[in-house]
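Asker: Before anything else, here's the structure in question.
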Amino acid sequence: MKKLLLLLSIVALLSCKDDDPKFSSAEGNWTYTTPDGKIGIDFTLVKSGTTWSVTNESITVDGTKGMAAVTFDNINPPTIGFIRINANDTKLTYPYYISFSGTVSDDFTQIKGPDATYTWPENKTNQLTDITISRK
């Protein structure tokens, strides 16, 4: 009887496991790749006191990951006023970039943007609509 109760307890505990992460803030790691797969970005939203910033930015251009530089303005989730991530690496021979604005979802798993702009290939600016940046 004790073994049965122990077994049932273990099964109950294992069945309660929640694999779906629950976020309580926009703070954390985010990622996005353009539909053509040519430009990908990763970044972290960080809050210090009442000030939000973008850190740990990186960019992948046509499969080559490199360092990046970021400029941003009016980050106050759920509002993402403006983020621009530029390639800033000798491995990436042109200053490729992506820029966007958006709104963080209520469950903090997505940033929905009405549009974005990115360069690919050199000197060609591309427009996107209805983008979704995902939580890592």
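Ordered as shown in the structure tokens, chains take letters A, B, and onward, while each chain numbers its residues from 1 and ligands are numbered from 1 in the order shown.
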Name all residues at most 9 Å from stretch 24-34 of chain A (count only C-alpha atoms; drop same-chain ones fewer than 2 positions away) and give them as a VMD selection string.

Answerer: chain A and resid 22 36 to 47 52 56 60 77 to 78 104 to 105 107 to 111 118 128 131 to 136

Asker: Generate a file of the selected residues that holds C-alpha atoms, formatted as a short mmCIF file (atom, residue, chain, number, x, y, z; two decimals), in the first residue's frame.

Answerer:
```cif
data_model
loop_
_atom_site.label_atom_id
_atom_site.label_comp_id
_atom_site.auth_asym_id
_atom_site.auth_seq_id
_atom_site.Cartn_x
_atom_site.Cartn_y
_atom_site.Cartn_z
CA LYS A 22 5.87 32.04 -17.48
CA ASP A 36 14.19 35.50 -46.10
CA GLY A 37 16.60 34.30 -43.38
CA LYS A 38 19.24 36.88 -44.33
CA ILE A 39 19.25 38.99 -41.14
CA GLY A 40 18.82 37.66 -37.60
CA ILE A 41 19.16 39.53 -34.33
CA ASP A 42 19.38 38.68 -30.67
CA PHE A 43 19.15 41.20 -27.84
CA THR A 44 18.28 41.56 -24.19
CA LEU A 45 15.83 44.02 -22.64
CA VAL A 46 17.06 45.16 -19.23
CA LYS A 47 15.42 47.37 -16.61
CA TRP A 52 14.96 50.33 -19.82
CA ASN A 56 23.80 41.92 -25.56
CA THR A 60 23.64 37.31 -38.04
CA PRO A 77 7.12 48.14 -22.06
CA PRO A 78 4.66 47.38 -23.34
CA VAL A 104 5.18 43.59 -25.88
CA SER A 105 2.39 41.03 -25.48
CA ASP A 107 2.28 37.28 -21.52
CA PHE A 108 5.73 38.79 -22.32
CA THR A 109 6.48 36.19 -25.00
CA GLN A 110 6.29 38.36 -28.13
CA ILE A 111 6.94 41.83 -29.41
CA TYR A 118 16.47 46.00 -42.87
CA LEU A 128 8.46 44.24 -43.52
CA ILE A 131 6.65 41.23 -37.52
CA THR A 132 6.81 39.09 -34.39
CA ILE A 133 9.93 39.10 -32.24
CA SER A 134 10.06 36.07 -29.96
CA ARG A 135 11.26 35.42 -26.43
CA LYS A 136 14.32 33.17 -26.23
#
```

Asker: Quick one: distance from atom CA of A:Ile80 to atom CA of A:Phe23 in Å, one decimal?

Answerer: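 Atom CA of A:Phe23 lies at a distance of 17.3 Å from atom CA of A:Ile80.
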
Asker: So how far away is atom CA of A:Tyr96 from atom CA of A:Val54, in Å?

Answerer: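 Atom CA of A:Tyr96 lies 18.1 Å from atom CA of A:Val54.
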
Asker: As a ChimeraX atom specification, please: every residue in stretch 11-84 of chain A that DSSP puts in strand (DSSP E or B).

Answerer: /A:28-33,39-48,51-61,64-76,79-84

Asker: What does the file look like for those residues with N, CA and C atoms, as a compact mmCIF listing (two decimals), in the first residue's frame?

Answerer:
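Written output follows (selection_35.txt):
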```txt
# COMPACT_ATOMS: atom_id res chain seq x y z
N GLY A 28 14.52 40.31 -20.51
CA GLY A 28 14.97 39.00 -20.94
C GLY A 28 15.50 39.03 -22.36
N ASN A 29 15.73 37.83 -22.89
CA ASN A 29 16.36 37.66 -24.21
C ASN A 29 15.31 37.52 -25.30
N TRP A 30 15.58 38.17 -26.44
CA TRP A 30 14.66 38.20 -27.57
C TRP A 30 15.40 37.85 -28.84
N THR A 31 14.68 37.36 -29.85
CA THR A 31 15.29 36.98 -31.12
C THR A 31 14.33 37.23 -32.27
N TYR A 32 14.91 37.51 -33.43
CA TYR A 32 14.10 37.69 -34.64
C TYR A 32 14.96 37.38 -35.86
N THR A 33 14.37 36.76 -36.86
CA THR A 33 15.02 36.51 -38.15
C THR A 33 14.06 36.94 -39.24
N ILE A 39 18.86 38.19 -42.30
CA ILE A 39 19.25 38.99 -41.14
C ILE A 39 18.56 38.42 -39.90
N GLY A 40 19.35 38.12 -38.88
CA GLY A 40 18.82 37.66 -37.60
C GLY A 40 19.43 38.50 -36.50
N ILE A 41 18.65 38.75 -35.47
CA ILE A 41 19.16 39.53 -34.33
C ILE A 41 18.81 38.84 -33.03
N ASP A 42 19.64 39.08 -32.04
CA ASP A 42 19.38 38.68 -30.67
C ASP A 42 19.69 39.89 -29.80
N PHE A 43 18.91 40.09 -28.76
CA PHE A 43 19.15 41.20 -27.84
C PHE A 43 18.47 40.91 -26.52
N THR A 44 18.84 41.70 -25.53
CA THR A 44 18.28 41.56 -24.19
C THR A 44 17.67 42.89 -23.77
N LEU A 45 16.44 42.85 -23.26
CA LEU A 45 15.83 44.02 -22.64
C LEU A 45 16.13 43.97 -21.15
N VAL A 46 16.63 45.08 -20.62
CA VAL A 46 17.06 45.16 -19.23
C VAL A 46 16.43 46.39 -18.59
N LYS A 47 15.98 46.24 -17.36
CA LYS A 47 15.42 47.37 -16.61
C LYS A 47 16.31 47.64 -15.40
N SER A 48 16.70 48.90 -15.24
CA SER A 48 17.48 49.33 -14.08
C SER A 48 16.73 50.50 -13.46
N THR A 51 14.52 52.79 -15.76
CA THR A 51 15.11 52.95 -17.09
C THR A 51 15.29 51.61 -17.78
N TRP A 52 14.81 51.53 -19.00
CA TRP A 52 14.96 50.33 -19.82
C TRP A 52 16.08 50.54 -20.82
N SER A 53 16.80 49.47 -21.13
CA SER A 53 17.85 49.54 -22.14
C SER A 53 17.91 48.23 -22.92
N VAL A 54 18.66 48.28 -24.02
CA VAL A 54 18.87 47.12 -24.87
C VAL A 54 20.35 46.76 -24.78
N THR A 55 20.65 45.50 -24.44
CA THR A 55 22.03 45.05 -24.28
C THR A 55 22.23 43.73 -25.01
N ASN A 56 23.46 43.23 -24.99
CA ASN A 56 23.80 41.92 -25.56
C ASN A 56 23.33 41.75 -26.99
N GLU A 57 23.39 42.81 -27.75
CA GLU A 57 22.93 42.77 -29.13
C GLU A 57 23.92 42.03 -30.01
N SER A 58 23.38 41.23 -30.92
CA SER A 58 24.19 40.56 -31.93
C SER A 58 23.37 40.46 -33.21
N ILE A 59 24.08 40.27 -34.30
CA ILE A 59 23.40 40.18 -35.60
C ILE A 59 24.02 39.04 -36.39
N THR A 60 23.19 38.36 -37.13
CA THR A 60 23.64 37.31 -38.04
C THR A 60 23.25 37.75 -39.44
N VAL A 61 24.24 37.79 -40.32
CA VAL A 61 24.02 38.23 -41.70
C VAL A 61 24.35 37.07 -42.63
N THR A 64 26.39 34.38 -41.03
CA THR A 64 27.59 34.76 -40.29
C THR A 64 27.20 35.63 -39.10
N LYS A 65 27.47 35.12 -37.90
CA LYS A 65 27.12 35.86 -36.68
C LYS A 65 28.23 36.84 -36.35
N GLY A 66 27.85 38.04 -35.96
CA GLY A 66 28.84 39.05 -35.63
C GLY A 66 28.38 39.97 -34.52
N MET A 67 29.31 40.78 -34.09
CA MET A 67 29.01 41.78 -33.07
C MET A 67 28.15 42.87 -33.70
N ALA A 68 27.46 43.60 -32.85
CA ALA A 68 26.55 44.62 -33.34
C ALA A 68 26.60 45.83 -32.42
N ALA A 69 26.02 46.91 -32.89
CA ALA A 69 25.82 48.11 -32.08
C ALA A 69 24.33 48.38 -32.10
N VAL A 70 23.83 48.97 -31.03
CA VAL A 70 22.40 49.21 -30.92
C VAL A 70 22.12 50.67 -30.59
N THR A 71 21.07 51.19 -31.17
CA THR A 71 20.50 52.47 -30.76
C THR A 71 19.04 52.20 -30.45
N PHE A 72 18.53 52.91 -29.47
CA PHE A 72 17.13 52.70 -29.09
C PHE A 72 16.58 53.97 -28.47
N ASP A 73 15.25 54.05 -28.43
CA ASP A 73 14.58 55.20 -27.86
C ASP A 73 13.19 54.78 -27.41
N ASN A 74 12.74 55.39 -26.33
CA ASN A 74 11.37 55.21 -25.84
C ASN A 74 11.04 53.74 -25.58
N ILE A 75 11.91 53.08 -24.79
CA ILE A 75 11.65 51.70 -24.38
C ILE A 75 10.96 51.78 -23.02
N ASN A 76 9.70 51.47 -22.98
CA ASN A 76 8.91 51.49 -21.75
C ASN A 76 7.78 50.48 -21.90
N THR A 79 5.44 49.39 -24.54
CA THR A 79 5.85 50.13 -25.72
C THR A 79 7.34 49.96 -26.01
N ILE A 80 7.64 49.59 -27.23
CA ILE A 80 9.01 49.58 -27.74
C ILE A 80 9.02 50.66 -28.83
N GLY A 81 9.51 51.85 -28.47
CA GLY A 81 9.47 52.98 -29.38
C GLY A 81 10.33 52.78 -30.62
N PHE A 82 11.59 52.37 -30.42
CA PHE A 82 12.49 52.21 -31.54
C PHE A 82 13.72 51.43 -31.10
N ILE A 83 14.08 50.42 -31.89
CA ILE A 83 15.34 49.70 -31.71
C ILE A 83 15.95 49.52 -33.10
N ARG A 84 17.25 49.83 -33.19
CA ARG A 84 18.00 49.59 -34.43
C ARG A 84 19.28 48.85 -34.05
```

Asker: Just want the 10 Å neighbourhood of A:Glu122, counted on only C-alpha atoms, with same-chain residues fewer than 5 positions away dropped. Output as a ChimeraX atom specification.

Answerer: /A:93-96

Asker: Which polymer residues have any atom within 7 Å of an atom of A:Ile98, counting only C-alpha atoms, with same-chain residues fewer than 3 positions away left out, as a list in words?

Answerer: Arg84, Ile85, Asn86, Ala116, Thr117, Tyr118 and Thr119 of chain A

Asker: Those selected residues, please, written with C-alpha atoms and delivered as a CSV table (one decimal), in the first residue's frame.

Answerer:
```
chain,number,residue,atom,x,y,z
A,84,ARG,CA,18.0,49.6,-34.4
A,85,ILE,CA,20.7,46.9,-34.4
A,86,ASN,CA,23.6,47.5,-36.8
A,116,ALA,CA,10.5,46.9,-39.8
A,117,THR,CA,13.3,47.9,-42.1
A,118,TYR,CA,16.5,46.0,-42.9
A,119,THR,CA,19.3,46.0,-45.4
```
